[in-house]
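Undergrad: Supplied structure: final.txt, compact mmCIF, N, CA and C atoms.
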# COMPACT_ATOMS: atom_id res chain seq x y z
N MET B 223 -134.33 -14.95 -250.39
CA MET B 223 -135.63 -15.07 -251.01
C MET B 223 -136.12 -16.52 -251.00
N ILE B 224 -135.22 -17.44 -251.26
CA ILE B 224 -135.59 -18.87 -251.23
C ILE B 224 -136.09 -19.25 -249.84
N ASP B 225 -135.44 -18.70 -248.80
CA ASP B 225 -135.88 -19.00 -247.43
C ASP B 225 -137.32 -18.58 -247.20
N LYS B 226 -137.69 -17.41 -247.73
CA LYS B 226 -139.07 -16.93 -247.57
C LYS B 226 -140.05 -17.85 -248.27
N ILE B 227 -139.70 -18.31 -249.46
CA ILE B 227 -140.58 -19.22 -250.20
C ILE B 227 -140.72 -20.54 -249.45
N LEU B 228 -139.60 -21.06 -248.95
CA LEU B 228 -139.64 -22.32 -248.21
C LEU B 228 -140.46 -22.19 -246.94
N ASN B 229 -140.31 -21.08 -246.23
CA ASN B 229 -141.10 -20.87 -245.02
C ASN B 229 -142.59 -20.76 -245.34
N LEU B 230 -142.91 -20.09 -246.43
CA LEU B 230 -144.31 -19.97 -246.83
C LEU B 230 -144.89 -21.33 -247.17
N GLN B 231 -144.14 -22.13 -247.91
CA GLN B 231 -144.64 -23.45 -248.27
C GLN B 231 -144.80 -24.34 -247.04
N SER B 232 -143.86 -24.28 -246.11
CA SER B 232 -143.99 -25.12 -244.92
C SER B 232 -145.15 -24.67 -244.05
N SER B 233 -145.42 -23.37 -243.98
CA SER B 233 -146.56 -22.92 -243.18
C SER B 233 -147.87 -23.29 -243.84
N THR B 234 -147.93 -23.28 -245.17
CA THR B 234 -149.18 -23.69 -245.82
C THR B 234 -149.37 -25.20 -245.72
N SER B 235 -148.27 -25.95 -245.68
CA SER B 235 -148.38 -27.40 -245.47
C SER B 235 -148.89 -27.69 -244.07
N ALA B 236 -148.37 -26.95 -243.09
CA ALA B 236 -148.83 -27.12 -241.71
C ALA B 236 -150.29 -26.73 -241.58
N ALA B 237 -150.72 -25.74 -242.33
CA ALA B 237 -152.11 -25.29 -242.27
C ALA B 237 -153.06 -26.42 -242.65
N VAL B 238 -152.66 -27.25 -243.58
CA VAL B 238 -153.51 -28.37 -243.99
C VAL B 238 -153.78 -29.29 -242.81
N LEU B 239 -152.73 -29.66 -242.11
CA LEU B 239 -152.89 -30.57 -240.96
C LEU B 239 -153.74 -29.94 -239.87
N ILE B 240 -153.47 -28.69 -239.56
CA ILE B 240 -154.23 -28.00 -238.52
C ILE B 240 -155.68 -27.84 -238.96
N ARG B 241 -155.88 -27.46 -240.22
CA ARG B 241 -157.22 -27.27 -240.75
C ARG B 241 -158.04 -28.56 -240.64
N ILE B 242 -157.46 -29.68 -240.99
CA ILE B 242 -158.19 -30.94 -240.98
C ILE B 242 -158.53 -31.38 -239.56
N ILE B 243 -157.58 -31.30 -238.64
CA ILE B 243 -157.87 -31.75 -237.28
C ILE B 243 -158.85 -30.83 -236.57
N VAL B 244 -158.71 -29.51 -236.77
CA VAL B 244 -159.65 -28.57 -236.15
C VAL B 244 -161.05 -28.77 -236.74
N GLY B 245 -161.12 -28.91 -238.04
CA GLY B 245 -162.42 -29.16 -238.68
C GLY B 245 -163.05 -30.43 -238.19
N TYR B 246 -162.25 -31.48 -238.08
CA TYR B 246 -162.74 -32.78 -237.61
C TYR B 246 -163.31 -32.67 -236.19
N VAL B 247 -162.56 -32.04 -235.29
CA VAL B 247 -163.01 -31.92 -233.90
C VAL B 247 -164.34 -31.18 -233.82
N PHE B 248 -164.45 -30.04 -234.51
CA PHE B 248 -165.71 -29.29 -234.46
C PHE B 248 -166.84 -30.07 -235.13
N PHE B 249 -166.57 -30.70 -236.26
CA PHE B 249 -167.59 -31.45 -236.99
C PHE B 249 -168.18 -32.56 -236.11
N VAL B 250 -167.32 -33.39 -235.51
CA VAL B 250 -167.84 -34.51 -234.71
C VAL B 250 -168.48 -34.03 -233.40
N GLU B 251 -167.96 -32.95 -232.83
CA GLU B 251 -168.60 -32.42 -231.61
C GLU B 251 -169.98 -31.86 -231.91
N GLY B 252 -170.13 -31.22 -233.06
CA GLY B 252 -171.44 -30.71 -233.46
C GLY B 252 -172.44 -31.82 -233.62
N ILE B 253 -172.04 -32.90 -234.27
CA ILE B 253 -172.92 -34.05 -234.45
C ILE B 253 -173.28 -34.67 -233.10
N GLN B 254 -172.32 -34.77 -232.20
CA GLN B 254 -172.57 -35.38 -230.89
C GLN B 254 -173.53 -34.56 -230.04
N LYS B 255 -173.64 -33.26 -230.30
CA LYS B 255 -174.63 -32.45 -229.58
C LYS B 255 -176.04 -32.96 -229.85
N TYR B 256 -176.26 -33.51 -231.04
CA TYR B 256 -177.57 -34.09 -231.38
C TYR B 256 -177.68 -35.55 -230.97
N LEU B 257 -176.58 -36.28 -231.03
CA LEU B 257 -176.60 -37.70 -230.65
C LEU B 257 -176.78 -37.89 -229.15
N TYR B 258 -176.19 -37.01 -228.37
CA TYR B 258 -176.23 -37.11 -226.90
C TYR B 258 -176.75 -35.80 -226.31
N PRO B 259 -178.04 -35.51 -226.52
CA PRO B 259 -178.57 -34.21 -226.12
C PRO B 259 -178.51 -33.93 -224.62
N ASP B 260 -178.65 -34.95 -223.79
CA ASP B 260 -178.66 -34.72 -222.34
C ASP B 260 -177.29 -34.31 -221.81
N THR B 261 -176.23 -34.92 -222.33
CA THR B 261 -174.89 -34.65 -221.80
C THR B 261 -174.09 -33.66 -222.62
N LEU B 262 -174.29 -33.61 -223.92
CA LEU B 262 -173.48 -32.73 -224.77
C LEU B 262 -174.29 -31.66 -225.49
N GLY B 263 -175.59 -31.81 -225.50
CA GLY B 263 -176.44 -30.89 -226.25
C GLY B 263 -177.26 -29.98 -225.36
N ILE B 264 -178.56 -30.02 -225.57
CA ILE B 264 -179.48 -29.11 -224.88
C ILE B 264 -179.38 -29.23 -223.36
N GLY B 265 -179.22 -30.44 -222.86
CA GLY B 265 -179.09 -30.64 -221.42
C GLY B 265 -177.89 -29.92 -220.84
N ARG B 266 -176.79 -29.96 -221.55
CA ARG B 266 -175.57 -29.25 -221.10
C ARG B 266 -175.78 -27.74 -221.15
N PHE B 267 -176.41 -27.27 -222.21
CA PHE B 267 -176.66 -25.83 -222.34
C PHE B 267 -177.54 -25.33 -221.20
N ILE B 268 -178.56 -26.11 -220.84
CA ILE B 268 -179.43 -25.74 -219.73
C ILE B 268 -178.63 -25.74 -218.43
N LYS B 269 -177.82 -26.78 -218.22
CA LYS B 269 -177.04 -26.92 -217.00
C LYS B 269 -176.07 -25.75 -216.78
N ILE B 270 -175.42 -25.30 -217.85
CA ILE B 270 -174.42 -24.22 -217.68
C ILE B 270 -175.03 -22.83 -217.82
N GLY B 271 -176.34 -22.77 -218.07
CA GLY B 271 -177.03 -21.48 -218.06
C GLY B 271 -176.96 -20.68 -219.35
N ILE B 272 -176.80 -21.34 -220.47
CA ILE B 272 -176.81 -20.63 -221.75
C ILE B 272 -178.23 -20.11 -221.98
N PRO B 273 -178.38 -18.81 -222.28
CA PRO B 273 -179.73 -18.29 -222.52
C PRO B 273 -180.33 -18.88 -223.81
N TYR B 274 -181.64 -19.05 -223.81
CA TYR B 274 -182.37 -19.61 -224.95
C TYR B 274 -181.73 -20.91 -225.45
N PRO B 275 -181.56 -21.88 -224.56
CA PRO B 275 -180.82 -23.09 -224.93
C PRO B 275 -181.43 -23.87 -226.10
N HIS B 276 -182.76 -23.81 -226.25
CA HIS B 276 -183.40 -24.55 -227.33
C HIS B 276 -183.09 -23.95 -228.70
N VAL B 277 -182.70 -22.70 -228.74
CA VAL B 277 -182.29 -22.04 -229.98
C VAL B 277 -180.78 -22.12 -230.13
N MET B 278 -180.08 -21.80 -229.05
CA MET B 278 -178.62 -21.71 -229.10
C MET B 278 -177.95 -23.03 -229.42
N ILE B 279 -178.57 -24.15 -229.03
CA ILE B 279 -177.98 -25.45 -229.34
C ILE B 279 -177.90 -25.66 -230.84
N HIS B 280 -178.91 -25.24 -231.56
CA HIS B 280 -178.91 -25.40 -233.02
C HIS B 280 -177.92 -24.45 -233.68
N ILE B 281 -177.79 -23.27 -233.15
CA ILE B 281 -176.80 -22.32 -233.69
C ILE B 281 -175.40 -22.86 -233.45
N SER B 282 -175.14 -23.33 -232.23
CA SER B 282 -173.83 -23.86 -231.89
C SER B 282 -173.49 -25.12 -232.68
N ALA B 283 -174.37 -26.10 -232.63
CA ALA B 283 -174.12 -27.36 -233.33
C ALA B 283 -174.07 -27.15 -234.83
N GLY B 284 -174.96 -26.31 -235.35
CA GLY B 284 -174.97 -26.02 -236.78
C GLY B 284 -173.66 -25.39 -237.24
N ALA B 285 -173.18 -24.43 -236.47
CA ALA B 285 -171.89 -23.78 -236.80
C ALA B 285 -170.76 -24.80 -236.75
N GLU B 286 -170.77 -25.65 -235.75
CA GLU B 286 -169.71 -26.65 -235.63
C GLU B 286 -169.73 -27.64 -236.79
N ILE B 287 -170.91 -28.09 -237.17
CA ILE B 287 -171.01 -29.07 -238.26
C ILE B 287 -170.67 -28.42 -239.60
N ILE B 288 -171.31 -27.31 -239.91
CA ILE B 288 -171.11 -26.67 -241.22
C ILE B 288 -169.69 -26.12 -241.34
N CYS B 289 -169.27 -25.33 -240.37
CA CYS B 289 -167.93 -24.72 -240.46
C CYS B 289 -166.83 -25.77 -240.30
N GLY B 290 -167.07 -26.79 -239.49
CA GLY B 290 -166.11 -27.88 -239.38
C GLY B 290 -165.92 -28.58 -240.71
N ALA B 291 -167.03 -28.85 -241.41
CA ALA B 291 -166.94 -29.48 -242.73
C ALA B 291 -166.22 -28.57 -243.73
N LEU B 292 -166.51 -27.28 -243.67
CA LEU B 292 -165.82 -26.32 -244.56
C LEU B 292 -164.31 -26.33 -244.30
N LEU B 293 -163.93 -26.41 -243.03
CA LEU B 293 -162.49 -26.47 -242.72
C LEU B 293 -161.87 -27.75 -243.26
N ILE B 294 -162.54 -28.86 -243.11
CA ILE B 294 -161.99 -30.14 -243.57
C ILE B 294 -161.67 -30.09 -245.06
N ILE B 295 -162.59 -29.53 -245.84
CA ILE B 295 -162.35 -29.46 -247.29
C ILE B 295 -161.59 -28.21 -247.70
N GLY B 296 -161.44 -27.28 -246.78
CA GLY B 296 -160.69 -26.06 -247.08
C GLY B 296 -161.45 -25.09 -247.95
N LEU B 297 -162.73 -24.94 -247.71
CA LEU B 297 -163.56 -24.02 -248.49
C LEU B 297 -164.02 -22.88 -247.58
N PHE B 298 -163.79 -21.66 -248.02
CA PHE B 298 -164.11 -20.47 -247.23
C PHE B 298 -163.49 -20.56 -245.84
N THR B 299 -162.25 -21.00 -245.81
CA THR B 299 -161.58 -21.31 -244.54
C THR B 299 -161.56 -20.14 -243.58
N ARG B 300 -161.08 -19.00 -244.03
CA ARG B 300 -161.00 -17.84 -243.12
C ARG B 300 -162.38 -17.44 -242.62
N LEU B 301 -163.36 -17.44 -243.49
CA LEU B 301 -164.72 -17.09 -243.10
C LEU B 301 -165.29 -18.11 -242.11
N ALA B 302 -165.01 -19.39 -242.34
CA ALA B 302 -165.52 -20.45 -241.46
C ALA B 302 -164.93 -20.39 -240.06
N THR B 303 -163.73 -19.81 -239.92
CA THR B 303 -163.14 -19.74 -238.58
C THR B 303 -163.88 -18.76 -237.66
N ILE B 304 -164.51 -17.75 -238.23
CA ILE B 304 -165.11 -16.70 -237.40
C ILE B 304 -166.24 -17.22 -236.50
N PRO B 305 -167.24 -17.94 -237.02
CA PRO B 305 -168.27 -18.48 -236.11
C PRO B 305 -167.68 -19.46 -235.09
N LEU B 306 -166.64 -20.20 -235.50
CA LEU B 306 -166.04 -21.16 -234.58
C LEU B 306 -165.23 -20.46 -233.48
N ILE B 307 -164.59 -19.34 -233.82
CA ILE B 307 -163.89 -18.55 -232.80
C ILE B 307 -164.90 -18.02 -231.78
N ILE B 308 -166.02 -17.54 -232.26
CA ILE B 308 -167.08 -17.06 -231.35
C ILE B 308 -167.59 -18.23 -230.50
N ASN B 309 -167.84 -19.36 -231.13
CA ASN B 309 -168.35 -20.55 -230.45
C ASN B 309 -167.41 -21.00 -229.33
N ILE B 310 -166.14 -21.14 -229.62
CA ILE B 310 -165.18 -21.63 -228.62
C ILE B 310 -164.94 -20.57 -227.54
N SER B 311 -165.02 -19.30 -227.91
CA SER B 311 -164.86 -18.23 -226.91
C SER B 311 -166.00 -18.26 -225.90
N VAL B 312 -167.22 -18.47 -226.39
CA VAL B 312 -168.38 -18.59 -225.49
C VAL B 312 -168.21 -19.81 -224.60
N ALA B 313 -167.72 -20.91 -225.17
CA ALA B 313 -167.50 -22.13 -224.37
C ALA B 313 -166.48 -21.87 -223.26
N ILE B 314 -165.41 -21.18 -223.58
CA ILE B 314 -164.38 -20.88 -222.58
C ILE B 314 -164.95 -19.97 -221.49
N ILE B 315 -165.63 -18.94 -221.89
CA ILE B 315 -166.17 -17.98 -220.91
C ILE B 315 -167.24 -18.62 -220.04
N SER B 316 -168.13 -19.41 -220.66
CA SER B 316 -169.26 -19.95 -219.90
C SER B 316 -168.90 -21.16 -219.04
N THR B 317 -167.77 -21.79 -219.28
CA THR B 317 -167.43 -22.97 -218.49
C THR B 317 -166.09 -22.85 -217.77
N LYS B 318 -165.06 -22.45 -218.46
CA LYS B 318 -163.71 -22.48 -217.88
C LYS B 318 -163.44 -21.33 -216.93
N PHE B 319 -163.98 -20.15 -217.21
CA PHE B 319 -163.80 -19.05 -216.27
C PHE B 319 -164.49 -19.34 -214.94
N ILE B 320 -165.69 -19.92 -215.02
CA ILE B 320 -166.42 -20.28 -213.81
C ILE B 320 -165.64 -21.34 -213.03
N MET B 321 -165.09 -22.32 -213.75
CA MET B 321 -164.30 -23.37 -213.11
C MET B 321 -163.07 -22.78 -212.42
N PHE B 322 -162.46 -21.78 -213.05
CA PHE B 322 -161.29 -21.12 -212.46
C PHE B 322 -161.64 -20.55 -211.09
N PHE B 323 -162.78 -19.89 -210.98
CA PHE B 323 -163.17 -19.29 -209.71
C PHE B 323 -163.67 -20.32 -208.70
N GLN B 324 -164.23 -21.42 -209.17
CA GLN B 324 -164.76 -22.43 -208.27
C GLN B 324 -163.70 -23.43 -207.81
N LYS B 325 -162.83 -23.87 -208.73
CA LYS B 325 -161.89 -24.95 -208.41
C LYS B 325 -160.43 -24.53 -208.41
N GLY B 326 -160.14 -23.37 -208.96
CA GLY B 326 -158.76 -22.90 -208.96
C GLY B 326 -158.09 -22.98 -210.33
N PHE B 327 -156.87 -22.48 -210.37
CA PHE B 327 -156.12 -22.33 -211.61
C PHE B 327 -155.84 -23.65 -212.31
N TRP B 328 -155.20 -24.59 -211.62
CA TRP B 328 -154.74 -25.82 -212.28
C TRP B 328 -155.88 -26.70 -212.80
N PRO B 329 -156.95 -26.90 -212.05
CA PRO B 329 -158.07 -27.66 -212.63
C PRO B 329 -158.66 -26.97 -213.88
N ALA B 330 -158.75 -25.65 -213.84
CA ALA B 330 -159.28 -24.91 -215.00
C ALA B 330 -158.33 -25.03 -216.18
N VAL B 331 -157.03 -24.93 -215.94
CA VAL B 331 -156.05 -25.07 -217.02
C VAL B 331 -156.13 -26.47 -217.63
N HIS B 332 -156.24 -27.46 -216.77
CA HIS B 332 -156.34 -28.85 -217.26
C HIS B 332 -157.58 -29.03 -218.14
N GLU B 333 -158.71 -28.57 -217.67
CA GLU B 333 -159.97 -28.76 -218.39
C GLU B 333 -160.07 -27.89 -219.65
N SER B 334 -159.30 -26.82 -219.73
CA SER B 334 -159.41 -25.90 -220.87
C SER B 334 -158.36 -26.13 -221.94
N ARG B 335 -157.51 -27.14 -221.81
CA ARG B 335 -156.42 -27.32 -222.76
C ARG B 335 -156.89 -27.50 -224.19
N LEU B 336 -157.93 -28.27 -224.41
CA LEU B 336 -158.44 -28.46 -225.77
C LEU B 336 -159.09 -27.18 -226.29
N ASP B 337 -159.85 -26.51 -225.44
CA ASP B 337 -160.52 -25.28 -225.87
C ASP B 337 -159.51 -24.23 -226.32
N PHE B 338 -158.45 -24.03 -225.54
CA PHE B 338 -157.45 -23.04 -225.91
C PHE B 338 -156.65 -23.48 -227.13
N THR B 339 -156.41 -24.77 -227.26
CA THR B 339 -155.73 -25.28 -228.45
C THR B 339 -156.57 -25.00 -229.69
N MET B 340 -157.86 -25.25 -229.60
CA MET B 340 -158.74 -24.99 -230.73
C MET B 340 -158.82 -23.50 -231.04
N LEU B 341 -158.88 -22.66 -230.02
CA LEU B 341 -158.95 -21.22 -230.24
C LEU B 341 -157.70 -20.72 -230.95
N VAL B 342 -156.53 -21.10 -230.47
CA VAL B 342 -155.28 -20.66 -231.09
C VAL B 342 -155.15 -21.23 -232.51
N SER B 343 -155.57 -22.45 -232.72
CA SER B 343 -155.52 -23.05 -234.05
C SER B 343 -156.46 -22.32 -235.02
N LEU B 344 -157.62 -21.94 -234.55
CA LEU B 344 -158.54 -21.17 -235.38
C LEU B 344 -157.97 -19.80 -235.74
N ILE B 345 -157.31 -19.16 -234.78
CA ILE B 345 -156.68 -17.87 -235.07
C ILE B 345 -155.56 -18.05 -236.10
N PHE B 346 -154.80 -19.14 -235.99
CA PHE B 346 -153.77 -19.47 -236.98
C PHE B 346 -154.39 -19.59 -238.37
N LEU B 347 -155.49 -20.34 -238.48
CA LEU B 347 -156.14 -20.52 -239.77
C LEU B 347 -156.74 -19.23 -240.30
N LEU B 348 -157.23 -18.39 -239.43
CA LEU B 348 -157.76 -17.09 -239.84
C LEU B 348 -156.65 -16.25 -240.46
N ILE B 349 -155.46 -16.31 -239.89
CA ILE B 349 -154.32 -15.53 -240.39
C ILE B 349 -153.72 -16.15 -241.65
N VAL B 350 -153.45 -17.46 -241.61
CA VAL B 350 -152.70 -18.13 -242.69
C VAL B 350 -153.61 -18.58 -243.83
N GLY B 351 -154.83 -18.96 -243.53
CA GLY B 351 -155.73 -19.48 -244.55
C GLY B 351 -155.67 -20.99 -244.63
N ALA B 352 -156.24 -21.51 -245.70
CA ALA B 352 -156.44 -22.96 -245.85
C ALA B 352 -155.17 -23.73 -246.13
N GLY B 353 -154.19 -23.10 -246.73
CA GLY B 353 -152.98 -23.81 -247.12
C GLY B 353 -153.19 -24.58 -248.41
N CYS B 354 -152.23 -25.43 -248.72
CA CYS B 354 -152.31 -26.21 -249.95
C CYS B 354 -153.34 -27.33 -249.79
N PHE B 355 -153.68 -27.97 -250.88
CA PHE B 355 -154.65 -29.07 -250.89
C PHE B 355 -155.99 -28.63 -250.30
N SER B 356 -156.51 -27.53 -250.79
CA SER B 356 -157.78 -27.02 -250.30
C SER B 356 -158.62 -26.54 -251.47
N MET B 357 -159.91 -26.45 -251.24
CA MET B 357 -160.80 -25.88 -252.25
C MET B 357 -160.51 -24.40 -252.44
N ASP B 358 -160.16 -23.70 -251.37
CA ASP B 358 -159.79 -22.29 -251.49
C ASP B 358 -158.65 -22.11 -252.48
N LYS B 359 -157.64 -22.94 -252.35
CA LYS B 359 -156.46 -22.87 -253.24
C LYS B 359 -156.87 -23.18 -254.67
N LYS B 360 -157.69 -24.20 -254.84
CA LYS B 360 -158.14 -24.60 -256.17
C LYS B 360 -158.95 -23.49 -256.83
N LEU B 361 -159.85 -22.87 -256.06
CA LEU B 361 -160.69 -21.82 -256.59
C LEU B 361 -159.94 -20.52 -256.88
N SER B 362 -158.84 -20.30 -256.14
CA SER B 362 -158.06 -19.08 -256.34
C SER B 362 -157.28 -19.10 -257.65
N GLY B 363 -157.02 -20.29 -258.17
CA GLY B 363 -156.28 -20.41 -259.42
C GLY B 363 -154.80 -20.21 -259.28
N VAL B 364 -154.29 -20.07 -258.06
CA VAL B 364 -152.86 -19.89 -257.83
C VAL B 364 -152.19 -21.24 -257.91
N GLN B 365 -151.13 -21.33 -258.70
CA GLN B 365 -150.41 -22.58 -258.88
C GLN B 365 -149.20 -22.63 -257.96
N ASP B 366 -148.84 -23.81 -257.47
CA ASP B 366 -147.62 -23.99 -256.72
C ASP B 366 -146.42 -23.87 -257.63
N ARG B 367 -145.34 -23.39 -257.07
CA ARG B 367 -144.10 -23.26 -257.87
C ARG B 367 -143.18 -24.39 -257.60
Would you encode the structure as structure tokens?
TA:
Amino acid sequence: MIDKILNLQSSTSAAVLIRIIVGYVFFVEGIQKYLYPDTLGIGRFIKIGIPYPHVMIHISAGAEIICGALLIIGLFTRLATIPLIINISVAIISTKFIMFFQKGFWPAVHESRLDFTMLVSLIFLLIVGAGCFSMDKKLSGVQDR
């Protein structure tokens, strides 16, 4: 029984680190979509053929900024992962799959390493939750033992 408690505590401790870095990456990338519109924002969306790019850029960047911030503070963590999972999945499908067919397996794997890391990390947070040191934990009223 002690082993189960220790494993639970270590996984919630790990969740904090993963939650903060994933939130940080999405938060700063969302902001950069507005700071560098030609290369990271609307211009990129037009280049890769995202439909309704003038609308989708705000949905994408908004989700990254808002949900990234929620992950950083650990508020509504599981809920915040859902738009980000959709966001990163669209990014993978719209860029990395095409690269796979155009340039081959290894270039696509190289270019997609961060995207897949973020996707798997988001799935981890969806399953495990915010972990300790989060607003979710504080609001739940559950005390550490």
Undergrad: Could you check the closest approach to Leu348 (chain B) for each of B:Ile308, B:Ala302, B:Val250, B:Ile281 and tell me which residue wins, using only N, CA and C atoms?
TA: B:Ala302
Undergrad: Of the candidates B:Ile264, B:Met321, B:Arg300, B:Arg241, which shows the shortest atom-to-atom distance to Met278 (chain B), using all atoms listed in the file?
TA: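 Nearest to Met278 (chain B): B:Ile264.
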Undergrad: At most 8 Å from (-170.3, -22.6, -241.1), file frame, only N, CA and C atoms: which residues, as a list in words?
TA: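 Those residues, ordered by chain and then number, are Gly284, Ala285, Glu286, Ile287, Ile288, Cys289, Gly290, Ala291, Leu292, Leu293, Leu301, Ala302, Thr303, Pro305 and Leu306 of chain B.
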Undergrad: Determine, counting only N, CA and C atoms, which protein, DNA and RNA residues have an atom within 8 Å of an atom of Leu341 (chain B); residues of the same chain fewer than 3 positions away are not included. Present the result as a ChimeraX atom specification.
TA: /B:306-307,310-311,335-338,344-347
Undergrad: Go ahead and save the residues from that selection, with N, CA and C atoms, as an mmCIF file, in the frame of the given file.
TA:
data_model
loop_
_atom_site.group_PDB
_atom_site.id
_atom_site.type_symbol
_atom_site.label_atom_id
_atom_site.label_comp_id
_atom_site.auth_asym_id
_atom_site.auth_seq_id
_atom_site.Cartn_x
_atom_site.Cartn_y
_atom_site.Cartn_z
ATOM 1 N N LEU B 306 -166.640 -20.200 -235.500
ATOM 2 C CA LEU B 306 -166.040 -21.160 -234.580
ATOM 3 C C LEU B 306 -165.230 -20.460 -233.480
ATOM 4 N N ILE B 307 -164.590 -19.340 -233.820
ATOM 5 C CA ILE B 307 -163.890 -18.550 -232.800
ATOM 6 C C ILE B 307 -164.900 -18.020 -231.780
ATOM 7 N N ILE B 310 -166.140 -21.140 -229.620
ATOM 8 C CA ILE B 310 -165.180 -21.630 -228.620
ATOM 9 C C ILE B 310 -164.940 -20.570 -227.540
ATOM 10 N N SER B 311 -165.020 -19.300 -227.910
ATOM 11 C CA SER B 311 -164.860 -18.230 -226.910
ATOM 12 C C SER B 311 -166.000 -18.260 -225.900
ATOM 13 N N ARG B 335 -157.510 -27.140 -221.810
ATOM 14 C CA ARG B 335 -156.420 -27.320 -222.760
ATOM 15 C C ARG B 335 -156.890 -27.500 -224.190
ATOM 16 N N LEU B 336 -157.930 -28.270 -224.410
ATOM 17 C CA LEU B 336 -158.440 -28.460 -225.770
ATOM 18 C C LEU B 336 -159.090 -27.180 -226.290
ATOM 19 N N ASP B 337 -159.850 -26.510 -225.440
ATOM 20 C CA ASP B 337 -160.520 -25.280 -225.870
ATOM 21 C C ASP B 337 -159.510 -24.230 -226.320
ATOM 22 N N PHE B 338 -158.450 -24.030 -225.540
ATOM 23 C CA PHE B 338 -157.450 -23.040 -225.910
ATOM 24 C C PHE B 338 -156.650 -23.480 -227.130
ATOM 25 N N LEU B 344 -157.620 -21.940 -234.550
ATOM 26 C CA LEU B 344 -158.540 -21.170 -235.380
ATOM 27 C C LEU B 344 -157.970 -19.800 -235.740
ATOM 28 N N ILE B 345 -157.310 -19.160 -234.780
ATOM 29 C CA ILE B 345 -156.680 -17.870 -235.070
ATOM 30 C C ILE B 345 -155.560 -18.050 -236.100
ATOM 31 N N PHE B 346 -154.800 -19.140 -235.990
ATOM 32 C CA PHE B 346 -153.770 -19.470 -236.980
ATOM 33 C C PHE B 346 -154.390 -19.590 -238.370
ATOM 34 N N LEU B 347 -155.490 -20.340 -238.480
ATOM 35 C CA LEU B 347 -156.140 -20.520 -239.770
ATOM 36 C C LEU B 347 -156.740 -19.230 -240.300
#
Undergrad: If I wrap all listed atoms of region 331-344 of chain B in a box with edges along x, y and z and add 5 Å on each side, what are its centre and edge lengths in Å to one decimal, as AutoDock Vina command-line options?
TA:
--center_x -157.8 --center_y -24.4 --center_z -225.8 --size_x 15.4 --size_y 19.2 --size_z 29.8
Undergrad: Looking only at helix (DSSP H, G or I) from DSSP on the backbone, list the matching residues of chain B as a ChimeraX atom specification.
TA: /B:224-257,264-270,275-295,299-325,327-350,357-362
Undergrad: From the list B:Val238, B:Ile315, B:Ala283, B:Ile268, which residue is nearest Gly353 (chain B) when using only N, CA and C atoms?
TA: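 Going through B:Val238, B:Ile315, B:Ala283, B:Ile268 one by one, the smallest distance to Gly353 (chain B) is for B:Val238.
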Undergrad: As an exercise, work out the distance from atom C of Leu262 (chain B) to CA of Gly326 (chain B) in Å and give it to one decimal place.
TA: 24.3 Å
Undergrad: Given the choices B:Lys325, B:Ser316, B:Ser235, B:Phe298, which gets closest to Gly271 (chain B) if the distance is worked out from all atoms listed in the file?
TA: B:Ser316
Undergrad: What does the distance from CA of Lys255 (chain B) to CA of Val277 (chain B) come to in Å, to one decimal?
TA: 12.9 Å
Undergrad: Kindly give the distance, in Å, that separates CA of Phe249 (chain B) and CA of Ala330 (chain B), rounded to a single decimal.
TA: 24.4 Å
Undergrad: Could you tell me which of B:Ile270, B:Ser343, B:Lys360, B:Gly265 comes closest to Thr317 (chain B) if we count only C-alpha atoms?
TA: B:Ile270
Undergrad: With only N, CA and C atoms as the atoms that count, which of B:Ile243, B:Met340, B:Leu361, B:Val350 lies nearest to Ile294 (chain B)?
TA: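 Of B:Ile243, B:Met340, B:Leu361, B:Val350, the one nearest Ile294 (chain B), counting only N, CA and C atoms, is B:Ile243.
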